[in-house]
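Heads up, the thing below is written out as structure tokens.
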Amino acid sequence: MKHNNINILLAILMSMISNNVFGYDIAVNSGDSVTLNYNYINNGTELELVGFNFNFYNSNHMADYYGKYNVIIPDSVTYMNRSRPVTSISSRAFCRTGNQLMKTLIIGDNVKTIGAEAFYSCSYLSTLTIGKRVKSIGVNAFTYNDKLKKVIIKDIAAWCHVTFSINEFGNPSNPWAVTNAYLYSDENTIMKELIIPEGVKEINRFCFYKCRGPVSITIPKSMKHIYSWAFYGFSLKSVNITDIPCWCNINFESYPNAPDLYLNGERVINLTIPDGVKKIGARCFAGFSSLSSVNIPNSVTMIGEFAFYDCSGIESIIIPNSTKSIGNSAFEGCSKLTSVIIGNNVKSIENSTFKNCSGLKYIDIPNCVTNIGERAFYGCNGLTSVVIPLSVTSIGQYAFSDCNSLYIIVSLIENPFALTKSQFTNDHYKNTSLYVPEGTKDKYKSTEGWKQFIWMKEGIPTGIQEEKVTNDDEKTWYSLDGMKLESAKKGINIIRHTNGKTSKVLIK
């Protein structure tokens, strides 16, 4: 009797002990001689994949089976007459001996989270299909998947919202960042055109980081925000959009770097921003080297930082009077830009605004600008002369550094302020002529950063005369680079008289 009681007690205890003593709650065959191990989560309503076993191979000759098995993580698992969705893959689920046997992996459509190092060092995995509901991927989830060549994303719209983790080397957890894989539309076709579906409003951080395969991308009208690093290392040839005003309003922390912009299927060479657009957002047109001209309407009040960064084909820019602010580096790297006219409501030329505009020959700085920022004209090698208006009260460091052709500086500032001597170079101080207002030379000679100019003169440069604007129909006005003007602009102009003679004039 006592012996029977002991047996009954042992049976009860065994029934109370979970299979977790073996590391999992249930083990279910998933076909192709693969058994997947799961734990119950969320009060037993869902399953988390925690491990695997490959059956029917000779462990003494495991290498013969490398890259031979196909693994399908199902949408749901039925066990003891109850179906539960598989919503999670645990950390290091496949990070152990035997993972080399896996050749292809399909992640089911109910999986929401992929844990850290979940598929770490699956060194023979060649094809990966990611389901429709993945929301987060843990650090190093696909690191050391050296043979991974194909990644198939079932739902691009859902992929745009995935959250990625970053390892100690700064690599995000998306599969392209740490492998040489390409994005495929199916098992046999590399995706050449990536279409972000209409309705998607955001592209998350690192989403297409170092993505390989697509050469063009289509961005929908619904897009509002593209987060940092979303397109880092993503080599594209073209970007397709359908609406310029919507494009101008996207918050670009990252931008799709491509030379060509297409609007409704047509390549944009001469960009006209429609009237009514109030802002050109940061990085909005950055990198579109095929643009040769830009027409900015008189409704635009703000041009964001890097807005036209590295648009190396743009030749001239007229910034309208409606514009009040221009962001840092807005036109940096526009190497073919030869002339810029700035409207009369801009108060500051910010840091690096025209940096490395190596072809710039003419800049009209209006008498409303109070600040010329750091490196504002750094590397403008084509600039031969510049007029600094009376309104300027500060000039940032290296503002005119590496302007190797700058031989005339006309300062209209009547009460010069001290500089740090870095705004101009030693070559400028030795070789450039500085013209200052009448009666102010002594002030300049006693002010740091100005007094270093060897060639300093009062008045207007030789060949340039001061002139008041009149309604004289017998004159035709031109900018310094020969562009015909409708009327005189502040700064140095060229006028052509009816007798054919030309002269340079300074308009205050």
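The way I read the labels, and the way they are meant: chains A, B, ... in the order of the structure tokens, residue 1 as the first residue of every chain, and ligand 1 as the first ligand shown, with later ones counted on from there.
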
- Message: If we count only C-alpha atoms and set the cut-off at 8 Å, which residues sit around Leu125 of chain A, ignoring sequence neighbours fewer than 6 positions away in its own chain? Please answer as an MDAnalysis selection string.
- Response: chainID A and resid 67 100 102:105 145:148

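Once Asn37 of chain A and its same-chain neighbours fewer than 2 positions away are set aside, Tyr24, Ile26, Ala27, Val28, Thr35, Leu49, Val50, Gly51 and Phe52 of chain A remain within 7 Å of it when counting only C-alpha atoms.
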
- Task: Give me every strand (DSSP E) residue in segment 100-204 of chain A, going by DSSP on the backbone, as a PyMOL selection string.
- Result: chain A and resi 102-107+113-114+127-130+136-137+150-153+163-164+182-186+189-190+193-195+202-203

- Between A:Val151, A:Val387, A:Ile217, A:Leu412, which has the minimum distance to Asn188 of chain A (counting only C-alpha atoms)? A:Val151

When you look at Lys451 of chain A with a cut-off of 10 Å (counting only C-alpha atoms), what residues show up, excluding the ones that are within fewer than 5 positions of it in the same chain? I need them as a compact mmCIF listing (two decimals) with C-alpha atoms, in the first residue's frame.
# COMPACT_ATOMS: atom_id res chain seq x y z
CA ALA A 418 36.82 92.16 -34.94
CA LEU A 419 37.47 88.90 -36.76
CA LYS A 421 41.78 86.02 -38.82
CA TYR A 429 45.66 89.27 -46.63
CA LYS A 441 40.25 103.09 -43.36
CA ASP A 442 41.68 104.00 -39.96
CA LYS A 443 38.95 101.99 -38.26
CA TYR A 444 39.72 98.97 -40.41
CA LYS A 445 43.46 99.41 -39.81
CA SER A 446 42.89 99.16 -36.08
CA MET A 456 43.38 98.43 -48.39

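Non-sequential neighbours of Ile269 of chain A (distance at most 10 Å, separation of 2 or more positions within a chain, only C-alpha atoms) are Asp260, Leu261, Tyr262, Glu266, Arg267, Leu271, Thr272, Phe288, Ser289, Ser290, Leu291, Ser292, Ser293, Val294, Gly313 and Ile314 of chain A.
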
Residues from the last selection, N, CA and C atoms, saved as a PDB file, in the first residue's frame:
ATOM      1  N   ASP A 260      19.167  60.803 -60.452  1.00  0.00           N
ATOM      2  CA  ASP A 260      18.015  61.186 -61.263  1.00  0.00           C
ATOM      3  C   ASP A 260      16.732  61.226 -60.440  1.00  0.00           C
ATOM      4  N   LEU A 261      15.953  62.277 -60.671  1.00  0.00           N
ATOM      5  CA  LEU A 261      14.628  62.426 -60.089  1.00  0.00           C
ATOM      6  C   LEU A 261      13.600  62.303 -61.207  1.00  0.00           C
ATOM      7  N   TYR A 262      12.590  61.462 -60.990  1.00  0.00           N
ATOM      8  CA  TYR A 262      11.501  61.306 -61.954  1.00  0.00           C
ATOM      9  C   TYR A 262      10.203  61.767 -61.319  1.00  0.00           C
ATOM     10  N   GLU A 266       8.583  61.002 -65.755  1.00  0.00           N
ATOM     11  CA  GLU A 266       9.432  61.833 -66.603  1.00  0.00           C
ATOM     12  C   GLU A 266      10.625  62.357 -65.816  1.00  0.00           C
ATOM     13  N   ARG A 267      11.793  62.234 -66.421  1.00  0.00           N
ATOM     14  CA  ARG A 267      13.032  62.680 -65.777  1.00  0.00           C
ATOM     15  C   ARG A 267      13.025  64.199 -65.635  1.00  0.00           C
ATOM     16  N   LEU A 271      13.671  71.877 -62.726  1.00  0.00           N
ATOM     17  CA  LEU A 271      12.727  71.688 -61.631  1.00  0.00           C
ATOM     18  C   LEU A 271      11.953  72.971 -61.366  1.00  0.00           C
ATOM     19  N   THR A 272      10.645  72.893 -61.450  1.00  0.00           N
ATOM     20  CA  THR A 272       9.770  74.005 -61.084  1.00  0.00           C
ATOM     21  C   THR A 272       8.970  73.607 -59.856  1.00  0.00           C
ATOM     22  N   PHE A 288      20.522  65.024 -56.305  1.00  0.00           N
ATOM     23  CA  PHE A 288      19.978  64.896 -57.659  1.00  0.00           C
ATOM     24  C   PHE A 288      20.850  65.691 -58.642  1.00  0.00           C
ATOM     25  N   SER A 289      21.905  65.059 -59.104  1.00  0.00           N
ATOM     26  CA  SER A 289      22.893  65.747 -59.941  1.00  0.00           C
ATOM     27  C   SER A 289      22.374  66.042 -61.338  1.00  0.00           C
ATOM     28  N   SER A 290      21.268  65.418 -61.749  1.00  0.00           N
ATOM     29  CA  SER A 290      20.726  65.662 -63.086  1.00  0.00           C
ATOM     30  C   SER A 290      19.989  66.998 -63.184  1.00  0.00           C
ATOM     31  N   LEU A 291      19.643  67.600 -62.055  1.00  0.00           N
ATOM     32  CA  LEU A 291      18.947  68.894 -62.088  1.00  0.00           C
ATOM     33  C   LEU A 291      19.894  69.970 -62.608  1.00  0.00           C
ATOM     34  N   SER A 292      19.443  70.737 -63.594  1.00  0.00           N
ATOM     35  CA  SER A 292      20.275  71.826 -64.125  1.00  0.00           C
ATOM     36  C   SER A 292      19.730  73.200 -63.755  1.00  0.00           C
ATOM     37  N   SER A 293      18.448  73.273 -63.425  1.00  0.00           N
ATOM     38  CA  SER A 293      17.882  74.557 -62.998  1.00  0.00           C
ATOM     39  C   SER A 293      16.763  74.313 -62.001  1.00  0.00           C
ATOM     40  N   VAL A 294      16.550  75.309 -61.149  1.00  0.00           N
ATOM     41  CA  VAL A 294      15.490  75.229 -60.133  1.00  0.00           C
ATOM     42  C   VAL A 294      14.757  76.558 -60.107  1.00  0.00           C
ATOM     43  N   GLY A 313      24.611  69.696 -60.861  1.00  0.00           N
ATOM     44  CA  GLY A 313      24.266  70.189 -62.190  1.00  0.00           C
ATOM     45  C   GLY A 313      23.592  71.544 -62.212  1.00  0.00           C
ATOM     46  N   ILE A 314      23.145  72.053 -61.057  1.00  0.00           N
ATOM     47  CA  ILE A 314      22.429  73.334 -61.016  1.00  0.00           C
ATOM     48  C   ILE A 314      23.383  74.475 -61.335  1.00  0.00           C
TER      49      ILE A 314
END

Using only C-alpha atoms, I'd like a table of the residues in segment 404-458 of chain A that come within 12 Å of segment 370-374 of chain A; for each, show the closest atom pair and its distance in Å rounded to one decimal, ordered by chain and ascending number, as CSV.
residue,atom,partner,partner_atom,distance
A:Ile413,CA,A:Thr370,CA,10.8
A:Thr420,CA,A:Glu374,CA,11.8
A:Ser422,CA,A:Glu374,CA,9.8
A:Gln423,CA,A:Glu374,CA,8.1
A:Phe424,CA,A:Glu374,CA,11.2

- Do you know which residues are at most 9 Å from segment 237-249 of chain A counting only C-alpha atoms, after dropping those on the same chain fewer than 6 positions away, and could you put them as JSON, numbers by chain? {"A": [214, 215, 216, 217, 218, 219, 220, 221, 222, 223, 224, 225, 256, 257, 258, 259, 260, 261, 262, 263, 264, 265, 266, 267, 272, 273, 274, 276, 277, 278, 279, 280, 281, 282, 284, 285, 288]}

- Using the chain letters and numbers from this document, which residues of segment 78-238 of chain A does DSSP assign to helix (DSSP H, G or I), as a PyMOL selection string? chain A and resi 99-101+156-159

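Proximity ranking of A:Val139, A:Ala63, A:Ile41, A:Leu183 relative to Glu168 of chain A places A:Val139 first, based on only C-alpha atoms.
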
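Close contacts of Ala286 of chain A, defined as residues with an atom at most 7 Å away when counting only C-alpha atoms, with chain neighbours fewer than 2 positions off set aside, comprise Arg283, Cys284, Phe288, Phe306, Ala307, Phe308, Tyr309, Asp310 and Cys311 of chain A.
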
Create the file for the chosen residues now, containing C-alpha atoms and written as a CSV table (one decimal), in the first residue's frame.
chain,number,residue,atom,x,y,z
A,283,ARG,CA,17.6,67.2,-47.8
A,284,CYS,CA,14.6,67.4,-50.1
A,288,PHE,CA,20.0,64.9,-57.7
A,306,PHE,CA,21.1,70.3,-47.2
A,307,ALA,CA,18.0,71.0,-49.4
A,308,PHE,CA,20.1,71.0,-52.6
A,309,TYR,CA,23.2,69.4,-51.3
A,310,ASP,CA,25.5,68.0,-54.0
A,311,CYS,CA,23.1,69.0,-56.8

- Task: Name the residues in contact with Trp455 of chain A at a cut-off of 8 Å, using only C-alpha atoms, excluding same-chain residues fewer than 6 positions from it; report them as a list in words.
- Result: Tyr429, Lys430, Asn431, Thr432, Ser433 and Leu434 of chain A
